[in-house]
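Asks: Could you have a look at this structure, given as structure tokens, before my questions?
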Amino acid sequence: MTDLGDFGDFDADSDADSEAADEATGANASASASPPDSDGMHTDASTNATSTSPAASSPESNGDAGAGDEFEPTSVEPRGEDVGIGAICVSQGLRIAEDGDETSLRAYITRGNRSSIRIGSYLVAPYPDGETLFCRITGLEYAQQYHADDATEIHARRAMRTDGVEEADYKFVAELEPVAVLYDDDGELKRRMTDRVPKPQTVVEQATDSEEIKTGLKMPEDGVFLGHLSVGGEKVKTAASPPTIDYRLKDDYDSGDPLVFRHTLIAGGTGSGKTHGAKNILRQYLADERTYPMEDGRSVQPAVVQFDPQDEYAQMHDDNPDLDDEFARRLEREGVAYGGIDDTTAFVPKVGSASYSAGHHRAEQVEFTIPFSMVHENPWLVAGSGLNDNQYGALVSVLLPRFRKQYGADATYEEFTTFLDDPALREELDESGRVHEATFDAVRRRVLGFDHVFDQDARPITDLVHEFVRPGGLSVVPTYHINDTRAAETVVLALSSLLIDQKLSNDPTYDRIKETPLVLGMDEAHNFLTDADSVQAGKVITKFTEAAKQGRKERLGLFLITQDPQDIDDAVFKQINTTVVLNLGDEDAIKSVNIPSNLESKVPYMEKGQMVVYSPDNSEPVELIGLSKCLTRHGRD
Ligand SMILES: Nc1ncnc2c1ncn2[C@@H]1O[C@H](COP(=O)(O)OP(=O)(O)OP(=O)(O)O)[C@@H](O)[C@H]1O
Ligand SMILES: [Mg+2]
């Protein structure tokens, strides 16, 4: 609205006066502007065909309506058809600088386009020589067109009686962040840093060309499908078919390593779609044609081992009954693998008398147990969270080696307890000054209580390695049926240590593990990779950190899923290259995932299946929408 300062005697309660004021101020605003009907031809506000110059008047803004038509009508509507949504303006500063903070890039948005513009949208602005500036809207602002004070009683009262805003009275300016300059290199579209400034009055358009958008955002053409590019919860649409833009994670050695071996984190609150999303990604790793070259020249399909505290992943064996033919055809067109994975086996830990029921999936089941002999390699498995450094030292340097020497490398847990029950041993170690009695007792107390974990009545996992790690196969380890969390933890950590140790070893016992690309998936990862202050947590973190560091070389990818990312140790976090964040409400959790602030602010508002992806070596940070259907079975009836 315009300045009403002239109308000192204005009576806000009089409608007649208020009409008059409106008309009169309209005249102020656009003395030589268009005639009453010039806007009658206005296209409807949602198209972007018509642009009106800022000074153009609106239907009711003809000040002379009641005073006779003395002026020649002069149209200010530019002739011809409008393209784009507005133009780069210089009046507010136009500057591209090395330092992003010193960059100023703003575009005036024409009236018809204003309501459809959203923060985060991608725009393109051409340079005269054919190059294009690719940018993103980071701010939207109404600014005053004329000097006026609209914080007045009269403005407010009038607004309360009418619908809508007189757009012509305001400038609508979009603040842009330059993302990249796009240029043609022998027929191929390429990107480089923004090193030039667009001309004033350059027309900006919504980016709608798939190639421009993918190049602008550095999105790879091929790779593992994660979802469709979106802005503010809506898929970005192009004129192509399909109109959506697929986001893929680089999965070859053309430039760098496949990102799977540089590790993935999926974080999201309860019910945000983590498992649904994780299954859809894991399904891609198990696509028939997906293989990775090994050092010996073979091309090998990856094995996926998934730790599964909620007993949900064995269902990946089965098709999703809700995935209809039409959806399937779309997936095929987009090159997305779907359907149950025949080669799925549930490796069911036998723990005490806990029984596993598998009514919700049809995958094969194999029972296994953890042999106590694995503790020699990983003594912290029996340390729980209780041992201090001194006690742990006694266990590792004295008790276990002694036990091994006396009973042999394959001796059982039961034998170990017998060994510790020997008062003569306790006395001897105390007298020789090697292990104080109190320390001995403390260790003994803490390592007891694993009778239901080790050496149960099932095949030891060490005998099942060939079945457990299969190229192209999915092995799921459900632990929901184990109601003792310490036991479940021990099983998961024993298996993951076995896989990691063999992968990283220069002299592996199990070549199968060493020679198969491996994706190690862990749902509820915060329970295992905590930054808790205990011997066990410390050892686990060191192991996983080391695994993460060497994964690239050894073709070992960690695939962590969690609702409490803030509980995962930083050392592990630092090694993760691809972070996928679904809806997260907790502020500490959001902070902990370490994504750019523009993505951070979206996270609490995201709906099921919406995600942001921060994978600096893959693309610019983006927002995606995951597939609405699970590619395999998910959920129980
Ligand atoms: N993109 C999506 N579109 C539609 N529905 C979805 C989408 N993602 C997930 N869902 C549905 O939302 C529900 C919860 O999803 P999911 O089980 O993956 O959540 P979660 O984050 O793993 O939850 P929890 O914390 O309980 O493990 C499921 O029924 C799932 O199918
Ligand atoms: Mg889940």
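Residue numbering restarts at 1 in every chain; chains get A, B, ... in the order shown in the structure tokens, and ligands count up from 1 in that same order.
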May I have the residues within 8 Å of A:Ala346 as a compact mmCIF listing (two decimals) with C-alpha atoms, in the first residue's frame, using only C-alpha atoms and disregarding those fewer than 3 positions away in the same chain?

Replies:
```txt
# COMPACT_ATOMS: atom_id res chain seq x y z
CA ALA A 314 14.48 -61.16 6.44
CA ALA A 363 13.58 -66.76 4.05
CA GLU A 364 15.61 -69.82 4.93
CA GLN A 365 16.79 -69.95 8.55
CA VAL A 366 20.10 -71.19 9.88
CA SER A 475 22.36 -62.58 5.40
CA VAL A 476 20.18 -61.18 8.09
CA VAL A 477 20.92 -61.56 11.78
CA PRO A 478 17.72 -61.03 13.78
```

Asks: Enumerate as a ChimeraX atom specification the residues within 12 Å of ligand 2, counting only C-alpha atoms and all ligand atoms.

Replies: /A:266-279,307-313,522-525,560-563,582,634-635

Asks: Given only C-alpha atoms as the basis, pick out the residue of A:Asp257, A:Glu166, A:Glu437, A:Asp82 nearest to A:Asn618.

Replies: A:Asp257

Asks: Calculate how many Å separate atom CA of A:Lys237 from atom CA of A:Gly86, rounding to one decimal.

Replies: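 Those two atoms sit 19.5 Å apart.
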
Asks: Quick one: distance from atom CA of A:Met374 to atom CA of A:Leu498 in Å, one decimal?

Replies: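 Between atom CA of A:Met374 and atom CA of A:Leu498 the gap is 8.2 Å.
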
Asks: Please identify which residues in stretch 262-415 of chain A DSSP calls alpha helix (DSSP H) from the backbone, and express them as a PyMOL selection string.

Replies: chain A and resi 274-285+325-334+374-377+389-394+400-407+413-415

Asks: May I have the selected residues written with C-alpha atoms, as a compact mmCIF listing (two decimals), in the first residue's frame?

Replies:
```txt
# COMPACT_ATOMS: atom_id res chain seq x y z
CA LYS A 274 14.47 -45.50 7.96
CA THR A 275 13.91 -49.20 7.49
CA HIS A 276 11.73 -48.71 4.41
CA GLY A 277 14.41 -46.49 2.93
CA ALA A 278 17.28 -48.75 4.00
CA LYS A 279 15.65 -51.79 2.42
CA ASN A 280 15.20 -49.87 -0.81
CA ILE A 281 18.87 -48.94 -0.90
CA LEU A 282 20.14 -52.37 0.13
CA ARG A 283 17.93 -53.87 -2.58
CA GLN A 284 19.98 -51.93 -5.13
CA TYR A 285 23.23 -53.40 -3.84
CA ASP A 325 2.48 -53.73 -12.23
CA GLU A 326 2.34 -50.08 -13.05
CA PHE A 327 4.77 -49.20 -10.28
CA ALA A 328 7.00 -52.04 -11.40
CA ARG A 329 7.07 -50.71 -14.96
CA ARG A 330 8.08 -47.29 -13.71
CA LEU A 331 10.89 -48.86 -11.71
CA GLU A 332 12.10 -50.74 -14.74
CA ARG A 333 12.06 -47.59 -16.85
CA GLU A 334 14.15 -45.85 -14.24
CA MET A 374 36.44 -66.04 19.20
CA VAL A 375 37.08 -64.36 22.53
CA HIS A 376 40.82 -64.94 22.17
CA GLU A 377 40.85 -62.52 19.27
CA ASP A 389 41.61 -51.03 32.57
CA ASN A 390 43.37 -52.97 35.30
CA GLN A 391 40.85 -55.80 35.21
CA TYR A 392 40.83 -55.85 31.45
CA GLY A 393 44.61 -56.06 31.48
CA ALA A 394 44.46 -59.11 33.78
CA LEU A 400 43.01 -65.80 28.63
CA PRO A 401 46.53 -66.77 27.51
CA ARG A 402 46.84 -69.09 30.45
CA PHE A 403 43.45 -70.64 29.70
CA ARG A 404 44.37 -71.12 26.09
CA LYS A 405 47.61 -72.81 27.00
CA GLN A 406 45.95 -75.14 29.45
CA TYR A 407 42.76 -75.99 27.56
CA TYR A 413 33.06 -71.13 27.66
CA GLU A 414 32.08 -73.82 30.14
CA GLU A 415 35.71 -74.82 30.42
```

Asks: Counting only C-alpha atoms and all ligand atoms, which residue out of A:Ile500, A:Val90, A:Leu226, A:Ala548 sits closest to ligand 1?

Replies: A:Leu226

Asks: For A:Glu102, please output as number ranges by chain all residues within 12 Å (counting only C-alpha atoms; exclusion window: fewer than 4 positions along the same chain).

Replies: A: 93-98, 177-178

Asks: Could those selected residues go to a file with C-alpha atoms, as a compact mmCIF listing (two decimals), in the first residue's frame?

Replies:
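Contents of out-v5.txt, as written:
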```txt
# COMPACT_ATOMS: atom_id res chain seq x y z
CA GLY A 93 23.95 -5.13 -5.47
CA LEU A 94 25.13 -7.59 -8.04
CA ARG A 95 28.38 -9.17 -7.10
CA ILE A 96 29.95 -12.60 -7.31
CA ALA A 97 32.89 -13.01 -4.98
CA GLU A 98 35.26 -15.75 -3.95
CA GLU A 177 23.08 -18.47 -4.14
CA PRO A 178 25.20 -19.23 -7.17
```

Asks: Quick one: residues within 8 Å of A:Met294, only C-alpha atoms counted, chain neighbours fewer than 4 positions away excluded, as a list in words?

Replies: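 Surrounding residues, per the criterion: Arg298, Ser299, Val300, Glu515 and Pro517 of chain A.
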
Asks: Please provide the set of residues having any atom within 7 Å of A:Arg192, restricted to only C-alpha atoms, with same-chain residues fewer than 6 positions apart removed, written as a VMD selection string.

Replies: chain A and resid 180 to 182

Asks: Record the distance separating atom CA of A:Ala383 and atom CA of A:Phe528, expressed in Å with one decimal.

Replies: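 Those two atoms sit 14.3 Å apart.
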
Asks: Apply DSSP to the backbone of this structure and, from stretch 520-557 of chain A, keep only the residues in strand (DSSP E); write these as a list of chain:residue names.

Replies: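 Restricting stretch 520-557 of chain A to strand (DSSP E) produces A:Leu520, A:Gly521, A:Met522, A:Leu556, A:Gly557.
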
Asks: Point out the residue among A:Ala168, A:Ile341, A:Leu420, A:Leu558 with the least atom-to-atom distance to A:Gly473, counting only C-alpha atoms.

Replies: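 Smallest separation from A:Gly473 among the options: A:Ile341.
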
Asks: So which one's closest to ligand 1, A:Ser496, A:Gln610, A:Asn598, A:Ser592? Using only C-alpha atoms and all ligand atoms, please.

Replies: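 Among the listed residues, the smallest separation from ligand 1 belongs to A:Gln610.
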